[in-house]
Amino acid sequence: MNIVKKPNGNQLTIALEGRLDTTTSPQLENELRTALNGVSEFILDLDSLDYISSAGLRVLLSAQKVMNKQGKMVIRNVKPEIMEIFDVTGFVDILNIEA
Amino acid sequence: MARNEKGWVSLTVKLNVLILAITILLAGGLTVIAYQVNSERVDRYYKQTTSEAASAIAAFVDGDFLAHFKESIDSADFQKLRYDAVEAENEGMIRQWLVDQGLYDNFMKISEELVLYREKLDAKYIYLQSLQGNISINLIDPDEDLLYIGSIEISPEEFEAYQGNVHIDPTVSTTEEYGWLCSAYEPVEDSQGNAIAILGVDIDMNDVMEERQVFLIDMLLFAAVLMVVAVGVSIVLMRKMATKPLAMLSQATMSFVDGENGYTKDDVISLPIRSKDEIGDLYREIRTMESRMVEYMDNLTHITAEKERIGAELNIATQIQADMLPRIFPPFPDRHEFDLYATMHPAKEVGGDFYDFFLVDDDHICLVMADVSGKGVPAALFMVIAKTLIKNRAQMGDSPAEILTNVNEQLCQGNDAELFVTVWLAVIQLSTGHGVAANAGHEHPVIKRKNGQYEMVVYRHSPAVATMDGIRFREHTFELNPGDSLFVYTDGVPEATNSRNELFGTDRMLFSLNRYPNANPQELLQTVRGDIDAFVGGAPQFDDITMLSFQYAGTEEKKVNELTLEARVENLDEVLAFVDSHLEQLNCPLKAKMQIDVAVEELYVNIAHYAYNPTVGSATVRVEVLQNPLAVSITFIDHGIPYDPLKKPDPDVTLSAEEREIGGLGIYMVKKSMDGIDYEYKDGQNILRIQKNIG
């Protein structure tokens, strides 16, 4: 999985490419632990994310919790297969997903 | 040469025969010369005496009368008369005639004179004869009757020399008639100096000759006595000085040579020989030599005993070493997942090579092939330590790299001999064929895949164990599928050398391995060993030759749609790849594929995280394809803690982010996305099955 970061003042955009699964999600978790400091708007671009498992959902959930305290988090360009998982797991209601 | 051999003659006999011969020659020679000299002197004396007598008498004989007397006898009248007288045997007729002629008185006078001389001179015969050509005519002979006068005799040969006044040498002769005589002849002359007749004097030598015989016999007797005395003295002296000491020496030396009482200091010859000559020298030299020999023998006996002791101890060491290596085959008769055989042929009594194999637990076997640098006792001792440490560590469940790291640390302590050991070590999971191996400077292992050929697996090795403190050892994994074979060995195999200094080499080794592709491990090692022996021929074996063959049969006929591996998160990709390979064959839609992938990930990761926590165990993933409707069934099996994930309550998906718990989502997603899911716990196994329709 590739993580592409684009910081812009208090705004941070991260694009994920590939698979966010048990093996790769610790990578993202580490990245976010520091990257979210002082960020008021966090944009997650999933245009190139092909796959997500519960491990990935867990990372998204904890990121959402962090951003709820310091600003807002937006998720963009979700593929239908990923969207279905968000649907099943009720994440559509937790995450702020832009159409 | 020993006494009982043919041709052996005692020196005593030889020397005495020689002395006897010399004495006989000397005494005999002296006797002959003495006899000869004596005889000649006596003969000469007799000849001189006889000759002088003849000469003296001849001077007194009346030559003129003798000339007249000879004339008368030569006359025809006398010849006729004499013939008649001899016929009638009447000497009176002759006497009458002599009287008639006036010759008788003078005849008698000469005759009587001759008798007188004969008696005075002690002669035997004195007579007068006239010589005419080669006949002699008897004139006067006092020992004969008158009929004898005028009789004719053939002259002796010596008379032929008598021509005129030539002197005839006196002779010594013997005849049957007269015996031994010395004869001398002297001419009788008339007043005019004409030689009329010769006077013969014979002196009897029979007594002299008899004396001479006696002298000869005396001489011989004396010589014989002298000989006996000389030989006797020489025998005694020679015995005392030479033959006896020599015989003693010979006897003593022979008894030392026989060595019936062994060869101790007491057996060195000791004889009463003190003579200062060659024999004395010989005795002393032999004594010195035997003393040194005894000393040498003592040393030799000592050294030999020591060697035998060391040899016996080495044999025990060899036995102990051989006993240390597992040698009972098959080693685990109730295990059918594999077949195993190993051999070691040490080059010297004890070797530095070793192999080992043992079950770490029910599902793991550890294989070891190692070669300690050097040979003989030091290598063997190091081998014992290395083998023990490796086994101890392996049985604690360490991975190959951990085992070698630990053993390396321990062996490096106090390794003053600077020995090291190359090790190939593998731990193979018997249920799956999954192996982990480390290679510390050892030969490349050889592997044969089912229906394939034995091929060398070449990769980078770690350094040998015990070379340096703190070495890190690499390990790698490999998979054995049923029917695969593994062959490991020490450098004694490729480096076996024939008499032309050629190495057996890995090419010949691989050729040998591939000769009988279906051979079992024992047959395989026998084939390789046979090929090495045939190659090497009579050349000596320089290095230990050690081989191990492991053939994997699998738990049963392992299905290709089943994957067993260690339940680690790191193996997730392998599991997904295995499942996806089946899905691709079915042209599974992308969405279903992702859902299946997610389900497989969630369930597998669950096992990896919790089933064996905190240890690691195996997980099996089985993929089955169902028809009508087309569906995929995937089963997860582990031997871990019994756990039914379906009993876990579903999370409340309506809660806000802050209220949501982390966890429980995975199994919920599986439940939601799959068309079927069930769980059972059976035979100590968690069996979870999911099904997804893909039609």
# chains A, B, ... in the order shown; residues from 1 in each chain; ligands from 1
$ select_by_dssp --residues "stretch 54-90 of chain A" --states "strand (DSSP E)" --output "list in words"
Lys72, Met73, Val74, Ile75 and Arg76 of chain A
$ interface_residues --of "chain B" --to "chain A" --cutoff "12 Å" --atoms "only C-alpha atoms" --output "ChimeraX atom specification"
/B:568-573,576,589-606,608-609,650-674
$ residues_around --residues "stretch 239-241 of chain B" --least-positions-apart "6" --cutoff "9 Å" --atoms "only C-alpha atoms" --output "list in words"
Thr12, Ser275 and Ile279 of chain B
$ residues_around --residues "B:Leu131" --least-positions-apart "2" --cutoff "9 Å" --atoms "only C-alpha atoms" --output "PyMOL selection string"
chain B and resi 129+133-138+155+159+162+196-198
$ write_last_selection --atoms "N, CA and C atoms" --output "JSON list (two decimals), in the first residue's frame"
[["chain", "number", "residue", "atom", "x", "y", "z"],
["B", 129, "GLN", "N", 137.54, -113.31, -15.69],
["B", 129, "GLN", "CA", 136.89, -113.64, -16.96],
["B", 129, "GLN", "C", 137.59, -112.89, -18.07],
["B", 133, "GLY", "N", 134.04, -109.50, -27.36],
["B", 133, "GLY", "CA", 132.74, -108.97, -27.86],
["B", 133, "GLY", "C", 131.77, -108.90, -26.72],
["B", 134, "ASN", "N", 130.59, -109.44, -26.96],
["B", 134, "ASN", "CA", 129.60, -109.34, -25.89],
["B", 134, "ASN", "C", 129.49, -110.65, -25.12],
["B", 135, "ILE", "N", 130.45, -111.51, -25.25],
["B", 135, "ILE", "CA", 130.44, -112.70, -24.42],
["B", 135, "ILE", "C", 131.67, -112.66, -23.53],
["B", 136, "SER", "N", 131.51, -113.30, -22.39],
["B", 136, "SER", "CA", 132.66, -113.40, -21.51],
["B", 136, "SER", "C", 132.96, -114.88, -21.28],
["B", 137, "ILE", "N", 134.24, -115.18, -21.22],
["B", 137, "ILE", "CA", 134.67, -116.57, -21.06],
["B", 137, "ILE", "C", 135.26, -116.69, -19.67],
["B", 138, "ASN", "N", 134.73, -117.63, -18.89],
["B", 138, "ASN", "CA", 135.21, -117.83, -17.53],
["B", 138, "ASN", "C", 136.62, -118.40, -17.54],
["B", 155, "SER", "N", 127.61, -111.32, -21.70],
["B", 155, "SER", "CA", 128.10, -110.29, -20.78],
["B", 155, "SER", "C", 126.95, -109.42, -20.25],
["B", 159, "PHE", "N", 129.19, -104.23, -19.31],
["B", 159, "PHE", "CA", 130.46, -104.61, -19.92],
["B", 159, "PHE", "C", 130.64, -104.05, -21.31],
["B", 162, "TYR", "N", 133.07, -101.63, -21.60],
["B", 162, "TYR", "CA", 134.46, -102.04, -21.35],
["B", 162, "TYR", "C", 135.21, -102.19, -22.67],
["B", 196, "ILE", "N", 144.23, -108.25, -20.28],
["B", 196, "ILE", "CA", 144.06, -109.67, -20.57],
["B", 196, "ILE", "C", 142.66, -110.11, -20.17],
["B", 197, "ALA", "N", 142.29, -109.73, -18.99],
["B", 197, "ALA", "CA", 140.98, -110.20, -18.47],
["B", 197, "ALA", "C", 140.45, -109.16, -17.51],
["B", 198, "ILE", "N", 139.27, -109.42, -17.02],
["B", 198, "ILE", "CA", 138.80, -108.54, -15.94],
["B", 198, "ILE", "C", 138.61, -109.37, -14.70]]
$ closest_residue --among "A:Met1, A:Gly56, A:Leu32, A:Pro26" --to "A:Thr13" --atoms "only C-alpha atoms"
A:Leu32
$ closest_atom_pairs --of "stretch 379-424 of chain B" --to "stretch 465-477 of chain B" --cutoff "7 Å" --atoms "only C-alpha atoms" --output "CSV"
residue,atom,partner,partner_atom,distance
B:Pro400,CA,B:Glu475,CA,6.6
B:Ala401,CA,B:Phe473,CA,5.1
B:Leu404,CA,B:Phe473,CA,6.8
B:Thr405,CA,B:Arg472,CA,6.2
B:Asn408,CA,B:Ala466,CA,4.9
B:Glu409,CA,B:Asp469,CA,6.0
B:Leu411,CA,B:Ala466,CA,5.5
B:Cys412,CA,B:Ala466,CA,5.1
B:Phe420,CA,B:Ala466,CA,4.9
B:Val421,CA,B:Val465,CA,5.3
B:Thr422,CA,B:Val465,CA,6.0
$ write_last_selection --atoms "N, CA and C atoms" --output "short mmCIF file (atom, residue, chain, number, x, y, z; two decimals), in the first residue's frame"
data_model
loop_
_atom_site.label_atom_id
_atom_site.label_comp_id
_atom_site.auth_asym_id
_atom_site.auth_seq_id
_atom_site.Cartn_x
_atom_site.Cartn_y
_atom_site.Cartn_z
N PRO B 400 16.17 -22.84 13.56
CA PRO B 400 17.56 -23.19 13.20
C PRO B 400 18.56 -22.07 13.42
N ALA B 401 18.22 -20.83 13.05
CA ALA B 401 19.17 -19.73 13.23
C ALA B 401 19.43 -19.48 14.71
N LEU B 404 21.77 -22.25 16.06
CA LEU B 404 23.17 -22.09 15.68
C LEU B 404 23.80 -20.89 16.38
N THR B 405 23.02 -19.82 16.54
CA THR B 405 23.55 -18.64 17.23
C THR B 405 23.94 -19.02 18.65
N ASN B 408 26.90 -21.47 18.72
CA ASN B 408 28.11 -20.73 18.36
C ASN B 408 28.69 -20.02 19.58
N GLU B 409 27.81 -19.36 20.34
CA GLU B 409 28.28 -18.64 21.52
C GLU B 409 28.95 -19.61 22.49
N LEU B 411 30.22 -22.66 21.92
CA LEU B 411 31.43 -23.32 21.40
C LEU B 411 32.61 -22.36 21.35
N CYS B 412 32.33 -21.06 21.17
CA CYS B 412 33.42 -20.09 21.07
C CYS B 412 34.13 -19.91 22.41
N PHE B 420 36.31 -25.65 14.33
CA PHE B 420 34.99 -25.13 14.01
C PHE B 420 34.19 -26.25 13.36
N VAL B 421 32.93 -26.00 13.17
CA VAL B 421 32.08 -27.06 12.65
C VAL B 421 31.10 -26.46 11.64
N THR B 422 31.06 -27.07 10.47
CA THR B 422 30.06 -26.64 9.49
C THR B 422 28.79 -27.45 9.74
#
$ select_by_dssp --residues "stretch 5-37 of chain A" --states "alpha helix (DSSP H)" --output "PDB file with N, CA and C atoms, in the first residue's frame"
ATOM      1  N   SER A  25      -2.365  -2.071   7.522  1.00  0.00           N
ATOM      2  CA  SER A  25      -2.989  -1.029   8.348  1.00  0.00           C
ATOM      3  C   SER A  25      -2.092  -0.506   9.476  1.00  0.00           C
ATOM      4  N   PRO A  26      -1.206  -1.337  10.091  1.00  0.00           N
ATOM      5  CA  PRO A  26      -0.309  -0.729  11.093  1.00  0.00           C
ATOM      6  C   PRO A  26       0.522   0.403  10.515  1.00  0.00           C
ATOM      7  N   GLN A  27       0.809   0.308   9.216  1.00  0.00           N
ATOM      8  CA  GLN A  27       1.587   1.334   8.518  1.00  0.00           C
ATOM      9  C   GLN A  27       0.846   2.676   8.546  1.00  0.00           C
ATOM     10  N   LEU A  28      -0.429   2.611   8.235  1.00  0.00           N
ATOM     11  CA  LEU A  28      -1.246   3.827   8.214  1.00  0.00           C
ATOM     12  C   LEU A  28      -1.434   4.357   9.630  1.00  0.00           C
ATOM     13  N   GLU A  29      -1.630   3.431  10.553  1.00  0.00           N
ATOM     14  CA  GLU A  29      -1.852   3.815  11.942  1.00  0.00           C
ATOM     15  C   GLU A  29      -0.652   4.601  12.472  1.00  0.00           C
ATOM     16  N   ASN A  30       0.549   4.122  12.153  1.00  0.00           N
ATOM     17  CA  ASN A  30       1.770   4.814  12.564  1.00  0.00           C
ATOM     18  C   ASN A  30       1.860   6.203  11.962  1.00  0.00           C
ATOM     19  N   GLU A  31       1.520   6.249  10.687  1.00  0.00           N
ATOM     20  CA  GLU A  31       1.600   7.501   9.958  1.00  0.00           C
ATOM     21  C   GLU A  31       0.689   8.569  10.586  1.00  0.00           C
ATOM     22  N   LEU A  32      -0.544   8.129  10.884  1.00  0.00           N
ATOM     23  CA  LEU A  32      -1.536   9.081  11.387  1.00  0.00           C
ATOM     24  C   LEU A  32      -1.231   9.538  12.800  1.00  0.00           C
ATOM     25  N   ARG A  33      -0.566   8.704  13.550  1.00  0.00           N
ATOM     26  CA  ARG A  33      -0.309   9.028  14.948  1.00  0.00           C
ATOM     27  C   ARG A  33       0.380  10.401  15.083  1.00  0.00           C
ATOM     28  N   THR A  34       1.254  10.688  14.141  1.00  0.00           N
ATOM     29  CA  THR A  34       1.952  11.975  14.185  1.00  0.00           C
ATOM     30  C   THR A  34       1.358  12.993  13.211  1.00  0.00           C
ATOM     31  N   ALA A  35       0.917  12.461  12.059  1.00  0.00           N
ATOM     32  CA  ALA A  35       0.506  13.368  10.979  1.00  0.00           C
ATOM     33  C   ALA A  35      -0.722  14.209  11.353  1.00  0.00           C
TER      34      ALA A  35
END
$ atom_distance --atom1 "atom CA of B:Tyr283" --atom2 "atom CA of B:Val257"
15.1 Å
$ closest_residue --among "B:Val236, B:Ile140, B:Leu220, B:Val172" --to "B:Lys109" --atoms "only C-alpha atoms"
B:Ile140
$ residues_around --residues "B:Ile607" --least-positions-apart "6" --cutoff "10 Å" --atoms "only C-alpha atoms" --output "compact mmCIF listing (two decimals) with C-alpha atoms, in the first residue's frame"
# COMPACT_ATOMS: atom_id res chain seq x y z
CA ALA B 567 -0.50 -19.61 11.67
CA ARG B 568 1.42 -16.35 11.52
CA VAL B 569 0.08 -13.04 10.27
CA GLU B 601 -8.29 -12.48 6.05
CA ASN B 613 -1.38 -17.38 21.79
CA VAL B 616 2.56 -20.59 17.16
CA GLY B 617 0.78 -23.56 15.58
CA SER B 618 -0.40 -24.64 12.21
CA ALA B 619 -3.45 -23.63 10.26
CA PHE B 636 -10.20 -23.21 8.33
CA ILE B 637 -8.70 -25.78 10.67
CA ASP B 638 -6.48 -25.15 13.66
CA HIS B 639 -5.40 -27.14 16.74
CA GLY B 640 -5.60 -24.14 19.06
CA ILE B 641 -7.84 -23.13 21.93
CA TYR B 643 -13.26 -21.02 20.08
CA ASN B 686 -11.46 -25.81 15.44
$ residues_around --residues "A:Ser48" --least-positions-apart "3" --cutoff "9 Å" --atoms "only C-alpha atoms" --output "ChimeraX atom specification"
/A:15-19,45,77-79
$ residues_around --residues "A:Glu98" --least-positions-apart "6" --cutoff "8 Å" --atoms "only C-alpha atoms" --output "list in words"
Val74, Ile75, Arg76 and Asn77 of chain A
$ atom_distance --atom1 "atom CA of B:Asp675" --atom2 "atom CA of B:Gln691"
5.6 Å
$ closest_residue --among "A:Met67, A:Met73, A:Ala99, A:Val39" --to "A:Leu12" --atoms "only C-alpha atoms"
A:Val39
$ closest_residue --among "B:Ala54, B:Ile385, B:Leu425, B:Ile73" --to "B:Val368" --atoms "only C-alpha atoms"
B:Leu425
